Amino acid sequence: MNAEQVKKREMEYLESELHYHNDLYHVKDSPIISDSDYDKMFASLKDWEKMFPDLKSETSPTLRVGCKPIDKFKKVKHTHKMLSLDKGFNNEDFLTFDKRVRKSLGKQLNYIGEPKFDGCAIELIYEKGILIKASTRGDGEVGEDVTLNAKTIKSIPLVLNTQWTFDYPEILEVRGEVLISKDNFIIVNKERVESGKEPFANARNAAAGSLRQLDSTRTASRRLEFFAYNVGDPKCFNVFKDNNMKGDVVSEQTSLLGFLKSFGFKINDTLSLILQDHSKVIEYYKMMAEERNKLNYDIDGIVIKVNDFNDQKLLGEGSSYPKWAIALKFEAEQETTRVLGITIQVGRTGTLTPVAELDPVEVGGVTISRVTLHNDEELHKKDVRIGDKVFVQRAGDVIPEIVKVITEVRDGSEIEFVMPTECPSCNSLIIKLEDEVAHKCTNINCKERIKQKLKHFVGKDCYDMDGFGKELIYQLVDKGKINNQYHIFKLKKEDLLEMDRMGERSSQKVLDTINKRRKILLHRFLTGLCVHHLGKTISKFLANTYKDIGIIMSLSKEDLEKHDGIGPEIANQIYTYFHSKDGMDLIDELLYEVEILYDNHQPIDNKLLGKSFLVTGKLKVKTRNEIKELVISKGGKYSSSVSKNLDYLIVGDKPGGKFKKSEDLKITILTEEEFLRMVE
């Protein structure tokens, strides 16, 4: 073997390993190596590719970080039309569809019900198992080439899984939905607001807009996911008949989903059900309408398909939609209410946010009384006035927002809101920089800024101090006990006992919580500094890249700017803080009190070592991602599904099918409270 073959073999090995671990992490949700180990392999492959660019593979995982911007999107003609679906809005609409289908086929038949994702449909084309093109749906016949952007989505395989002993279809056209999960939508919007940008209105628009970025590095930063649910032509699987397999191996939608999953695609197999008759479909429609708020992604209805492909072929297609499927949409979750007032909220970086105070209204099972208007420009763009009647919805079924002002019912008593020129908390001057949309308080010692900063510090993205609520923070600040992060670690029991509703037991509990956080992961330490633009995402990136607080503090503006996602403004803010007296003093003080853990996946302790956990149902205290991070930080493993190897199932309100399966397998069931006591 010559030298070039050795290099190529090493690069192929690294690429194969990275694809394997990417599939475990982003598709199967079951990683077996730490992020740092993955990053080391990734960095090693990048080094090889830099030294030997001619040997770089077209399926290299390094393509996922994004490529240089393009001028425009090219048009792509779909080989098979990407038809839209006929729509229904109630049980009667489905019964009409069911009657027509049964009359055409002359028999009873099985349906398959699937959630209807509220995202952006795309098609992926694989040639001999390798992704060669990705395109949007467009008008169904012609879409846009978004291949570079699709390659940045980690749940889209660049090369299909190689577990089969026979050939792939020569050409495989996979169709599915690009979306942003509810958890990630909140994170993305938070990052945008922190950087002075307008938040996205909803997750669907965010996903569609992110997929159509001319600069694919922006797409890479938007936390997109992909779910596969169909192919352009099921006949492509006929290749398997040449391998002594009898009949059509893919003759139904259910078997198609199984093949897509085995090829490495994320599919929604937990909520896709076989439905034997129309009554089961109606039950499924009702169930999904009730379950939708518990899901971590947006759905706006269900899709009902005739399961058998031969039956689909007999039913045929219309000019715009197939005759064998229907989308049953949910009712829109919007309500009307009145704007009682508009107040100003001062953030931890001094940003002033107008907030609409509403006559309380229930939307999607949640009572809404306050809605952020984000900034002055957004407020005037929607023309929201005190006294207005408005439509309110929960964007992505999570974040409340004012959709529209009902201007037709205005009577002239409505009052336009004007942003203040002085801070409502400390009366300091308010400024608005030319290149920013936000108004800001200029006083770094503004009491409201300090309260918000410390609330962020003890919150879930930073030190996660359970029991240290905002009311306690506000009291401690108002009574002069604390005014920066360091002071929290210097609190004594007598300080806490002076606060309202704080006795011996509750004071000791707070002190115990503080002491448990004297070991902290580096990215949490950085986020807790509350530096403008240094949010959770950039903190994780810097922690994973440099792995040492001293190195990070010594970075120049140029060092910071060379990284994707860190522009001149962000680099200047971070650099200025780390080279300011206030910044350096606070870090020195904190380092007297806490120990930084430099490995992002180093367990804080081994309480859960060797044990596996999974969550089902709606949690009250923490999110699923927070439970997952807590399990890993304690040395445990977070599983992707129920199996006999699962040790514990954590059950919230209204658990799904995982609960019944776990009972059958005699897996230990824990409430959220029992789990949190276990890890104390």
# chains A, B, ... in the order shown; residues from 1 in each chain; ligands from 1

$ select_by_dssp --residues "region 170-397 of chain A" --states "helix (DSSP H, G or I)" --output "ChimeraX atom specification"
/A:182-194,203-211,216-220,234-243,253-262,278-294,309-315,376-382

$ residues_around --residues "region 505-511 of chain A" --least-positions-apart "6" --cutoff "12 Å" --atoms "only C-alpha atoms" --output "PyMOL selection string"
chain A and resi 458+464-469+472-473+488-499+517-518+680

$ select_by_dssp --residues "region 148-211 of chain A" --states "strand (DSSP E or B)" --output "mmCIF file with N, CA and C atoms, in the first residue's frame"
data_model
loop_
_atom_site.group_PDB
_atom_site.id
_atom_site.type_symbol
_atom_site.label_atom_id
_atom_site.label_comp_id
_atom_site.auth_asym_id
_atom_site.auth_seq_id
_atom_site.Cartn_x
_atom_site.Cartn_y
_atom_site.Cartn_z
ATOM 1 N N VAL A 159 -24.579 10.013 3.498
ATOM 2 C CA VAL A 159 -24.468 8.708 2.845
ATOM 3 C C VAL A 159 -25.358 7.744 3.620
ATOM 4 N N ILE A 171 -31.305 5.183 -7.789
ATOM 5 C CA ILE A 171 -31.747 6.537 -7.445
ATOM 6 C C ILE A 171 -32.844 6.436 -6.383
ATOM 7 N N LEU A 172 -32.676 7.151 -5.295
ATOM 8 C CA LEU A 172 -33.673 7.170 -4.225
ATOM 9 C C LEU A 172 -34.059 8.621 -3.953
ATOM 10 N N GLU A 173 -35.345 8.937 -4.124
ATOM 11 C CA GLU A 173 -35.849 10.295 -3.887
ATOM 12 C C GLU A 173 -36.621 10.283 -2.568
ATOM 13 N N VAL A 174 -36.012 10.817 -1.539
ATOM 14 C CA VAL A 174 -36.616 10.818 -0.205
ATOM 15 C C VAL A 174 -37.274 12.166 0.052
ATOM 16 N N ARG A 175 -38.503 12.112 0.539
ATOM 17 C CA ARG A 175 -39.239 13.340 0.820
ATOM 18 C C ARG A 175 -39.552 13.437 2.310
ATOM 19 N N GLY A 176 -39.558 14.657 2.796
ATOM 20 C CA GLY A 176 -39.817 14.851 4.212
ATOM 21 C C GLY A 176 -39.899 16.320 4.556
ATOM 22 N N GLU A 177 -39.823 16.594 5.845
ATOM 23 C CA GLU A 177 -40.062 17.948 6.342
ATOM 24 C C GLU A 177 -38.854 18.455 7.122
ATOM 25 N N VAL A 178 -38.453 19.672 6.802
ATOM 26 C CA VAL A 178 -37.441 20.369 7.590
ATOM 27 C C VAL A 178 -38.173 21.244 8.601
ATOM 28 N N LEU A 179 -37.751 21.168 9.860
ATOM 29 C CA LEU A 179 -38.430 21.935 10.901
ATOM 30 C C LEU A 179 -37.457 22.298 12.018
#

$ closest_atom_pairs --of "region 556-625 of chain A" --to "region 521-532 of chain A" --cutoff "12 Å" --atoms "only C-alpha atoms" --output "CSV"
residue,atom,partner,partner_atom,distance
A:Glu569,CA,A:His532,CA,10.1
A:Ile570,CA,A:His532,CA,7.9
A:Ala571,CA,A:His532,CA,10.3
A:Asn572,CA,A:His532,CA,10.1
A:Gln573,CA,A:His532,CA,6.5
A:Ile574,CA,A:Val531,CA,6.8
A:Tyr575,CA,A:Val531,CA,10.1
A:Thr576,CA,A:Val531,CA,9.8
A:Tyr577,CA,A:Val531,CA,7.0
A:Phe578,CA,A:Val531,CA,9.2
A:Ser580,CA,A:Val531,CA,11.6
A:Asp582,CA,A:Leu529,CA,11.0
A:Gly583,CA,A:Leu529,CA,8.3
A:Met584,CA,A:Leu529,CA,10.6
A:Asp585,CA,A:Leu529,CA,11.5
A:Leu586,CA,A:Leu529,CA,8.3
A:Ile587,CA,A:Leu529,CA,8.0
A:Asp588,CA,A:Leu529,CA,11.8
A:Glu589,CA,A:Leu529,CA,11.8
A:Leu590,CA,A:Phe525,CA,9.2
A:Leu591,CA,A:Phe525,CA,9.9
A:Glu593,CA,A:Phe525,CA,11.9
A:Val594,CA,A:Phe525,CA,9.2
A:Glu595,CA,A:Leu521,CA,8.6
A:Ile596,CA,A:Leu522,CA,5.6
A:Leu597,CA,A:Leu521,CA,4.7
A:Tyr598,CA,A:Leu522,CA,5.5
A:Asp599,CA,A:Leu521,CA,7.4
A:Asn600,CA,A:Leu521,CA,6.4
A:His601,CA,A:Leu521,CA,8.6
A:Gln602,CA,A:Leu521,CA,8.4
A:Pro603,CA,A:Leu521,CA,9.5
A:Ile604,CA,A:Leu521,CA,8.5

$ residues_around --residues "Leu649 (chain A)" --least-positions-apart "6" --cutoff "8 Å" --atoms "only C-alpha atoms" --output "VMD selection string"
chain A and resid 613 to 616 659 662 667 to 670

$ residues_around --residues "Lys56 (chain A)" --least-positions-apart "2" --cutoff "10 Å" --atoms "only C-alpha atoms" --output "list in words"
Lys8, Met11, Glu12, Glu15, Leu45, Lys46, Trp48, Glu49, Lys50, Met51, Phe52, Pro53, Asp54, Glu58, Thr59, Ser60 and Thr62 of chain A

$ write_last_selection --atoms "N, CA and C atoms" --output "compact mmCIF listing (two decimals), in the first residue's frame"
# COMPACT_ATOMS: atom_id res chain seq x y z
N LYS A 8 -5.65 8.03 2.26
CA LYS A 8 -7.07 7.89 1.86
C LYS A 8 -7.79 6.93 2.81
N MET A 11 -8.54 8.71 6.09
CA MET A 11 -9.62 9.68 5.94
C MET A 11 -10.97 8.98 5.80
N GLU A 12 -11.00 7.87 5.07
CA GLU A 12 -12.25 7.11 4.92
C GLU A 12 -12.70 6.54 6.26
N GLU A 15 -14.14 9.41 8.34
CA GLU A 15 -15.44 9.81 7.80
C GLU A 15 -16.51 8.80 8.19
N LEU A 45 -10.08 14.93 10.95
CA LEU A 45 -10.45 14.82 9.54
C LEU A 45 -10.24 16.15 8.82
N LYS A 46 -10.61 17.26 9.47
CA LYS A 46 -10.40 18.58 8.86
C LYS A 46 -8.92 18.82 8.57
N TRP A 48 -6.61 16.51 7.97
CA TRP A 48 -6.25 15.68 6.83
C TRP A 48 -6.71 16.33 5.53
N GLU A 49 -7.95 16.84 5.52
CA GLU A 49 -8.51 17.43 4.30
C GLU A 49 -7.78 18.72 3.93
N LYS A 50 -7.31 19.44 4.93
CA LYS A 50 -6.55 20.66 4.65
C LYS A 50 -5.21 20.33 4.01
N MET A 51 -4.59 19.25 4.49
CA MET A 51 -3.29 18.83 3.94
C MET A 51 -3.43 18.17 2.57
N PHE A 52 -4.53 17.43 2.38
CA PHE A 52 -4.71 16.68 1.14
C PHE A 52 -6.11 16.95 0.57
N PRO A 53 -6.36 18.16 0.08
CA PRO A 53 -7.71 18.53 -0.40
C PRO A 53 -8.21 17.66 -1.54
N ASP A 54 -7.31 17.10 -2.33
CA ASP A 54 -7.73 16.26 -3.46
C ASP A 54 -8.36 14.95 -3.00
N GLU A 58 -16.86 13.69 -1.22
CA GLU A 58 -18.07 14.50 -1.42
C GLU A 58 -19.10 14.26 -0.33
N THR A 59 -18.87 13.26 0.52
CA THR A 59 -19.78 13.00 1.64
C THR A 59 -19.11 13.31 2.98
N SER A 60 -18.07 14.10 2.96
CA SER A 60 -17.34 14.41 4.20
C SER A 60 -18.24 15.12 5.21
N THR A 62 -17.41 17.24 7.24
CA THR A 62 -17.00 18.64 7.38
C THR A 62 -17.84 19.55 6.50

$ residues_around --residues "Leu214 (chain A)" --least-positions-apart "6" --cutoff "9 Å" --atoms "only C-alpha atoms" --output "ChimeraX atom specification"
/A:68-73,146,149

$ residues_around --residues "Phe330 (chain A)" --least-positions-apart "6" --cutoff "10 Å" --atoms "only C-alpha atoms" --output "NGL selection string"
:A and (88-90 or 116 or 285-286 or 288-289 or 292 or 299-302)

$ write_last_selection --atoms "N, CA and C atoms" --output "mmCIF file, in the first residue's frame"
data_model
loop_
_atom_site.group_PDB
_atom_site.id
_atom_site.type_symbol
_atom_site.label_atom_id
_atom_site.label_comp_id
_atom_site.auth_asym_id
_atom_site.auth_seq_id
_atom_site.Cartn_x
_atom_site.Cartn_y
_atom_site.Cartn_z
ATOM 1 N N GLY A 88 -59.004 18.662 4.799
ATOM 2 C CA GLY A 88 -60.265 18.617 5.509
ATOM 3 C C GLY A 88 -60.092 19.283 6.858
ATOM 4 N N PHE A 89 -61.218 19.632 7.502
ATOM 5 C CA PHE A 89 -61.124 20.381 8.747
ATOM 6 C C PHE A 89 -61.975 19.800 9.866
ATOM 7 N N ASN A 90 -62.609 18.646 9.594
ATOM 8 C CA ASN A 90 -63.436 18.041 10.637
ATOM 9 C C ASN A 90 -63.712 16.581 10.278
ATOM 10 N N LYS A 116 -49.036 15.712 10.848
ATOM 11 C CA LYS A 116 -48.753 16.628 9.737
ATOM 12 C C LYS A 116 -47.813 17.716 10.238
ATOM 13 N N TYR A 285 -57.559 11.323 15.138
ATOM 14 C CA TYR A 285 -57.641 12.775 14.933
ATOM 15 C C TYR A 285 -57.849 13.490 16.269
ATOM 16 N N LYS A 286 -58.762 12.961 17.067
ATOM 17 C CA LYS A 286 -59.049 13.558 18.372
ATOM 18 C C LYS A 286 -57.839 13.447 19.297
ATOM 19 N N MET A 288 -54.616 13.170 18.510
ATOM 20 C CA MET A 288 -53.499 14.021 18.106
ATOM 21 C C MET A 288 -53.798 15.493 18.389
ATOM 22 N N ALA A 289 -55.061 15.885 18.301
ATOM 23 C CA ALA A 289 -55.425 17.271 18.643
ATOM 24 C C ALA A 289 -55.142 17.541 20.116
ATOM 25 N N ARG A 292 -50.981 17.355 20.657
ATOM 26 C CA ARG A 292 -50.092 18.229 19.900
ATOM 27 C C ARG A 292 -49.275 19.171 20.782
ATOM 28 N N ILE A 299 -47.152 20.580 14.847
ATOM 29 C CA ILE A 299 -47.982 19.907 13.854
ATOM 30 C C ILE A 299 -49.265 20.718 13.731
ATOM 31 N N ASP A 300 -49.812 20.807 12.531
ATOM 32 C CA ASP A 300 -51.050 21.569 12.348
ATOM 33 C C ASP A 300 -52.205 20.677 11.902
ATOM 34 N N GLY A 301 -52.015 19.362 12.058
ATOM 35 C CA GLY A 301 -53.063 18.424 11.688
ATOM 36 C C GLY A 301 -52.502 17.020 11.604
ATOM 37 N N ILE A 302 -53.244 16.135 10.949
ATOM 38 C CA ILE A 302 -52.773 14.776 10.692
ATOM 39 C C ILE A 302 -52.896 14.491 9.198
#

$ closest_residue --among "A:Ala203, A:Ile156, A:Ile344, A:Ala43" --to "Phe263 (chain A)" --atoms "only C-alpha atoms"
A:Ile156

$ closest_residue --among "A:Lys154, A:Lys611, A:His563, A:Arg100" --to "Tyr648 (chain A)" --atoms "only C-alpha atoms"
A:Lys611
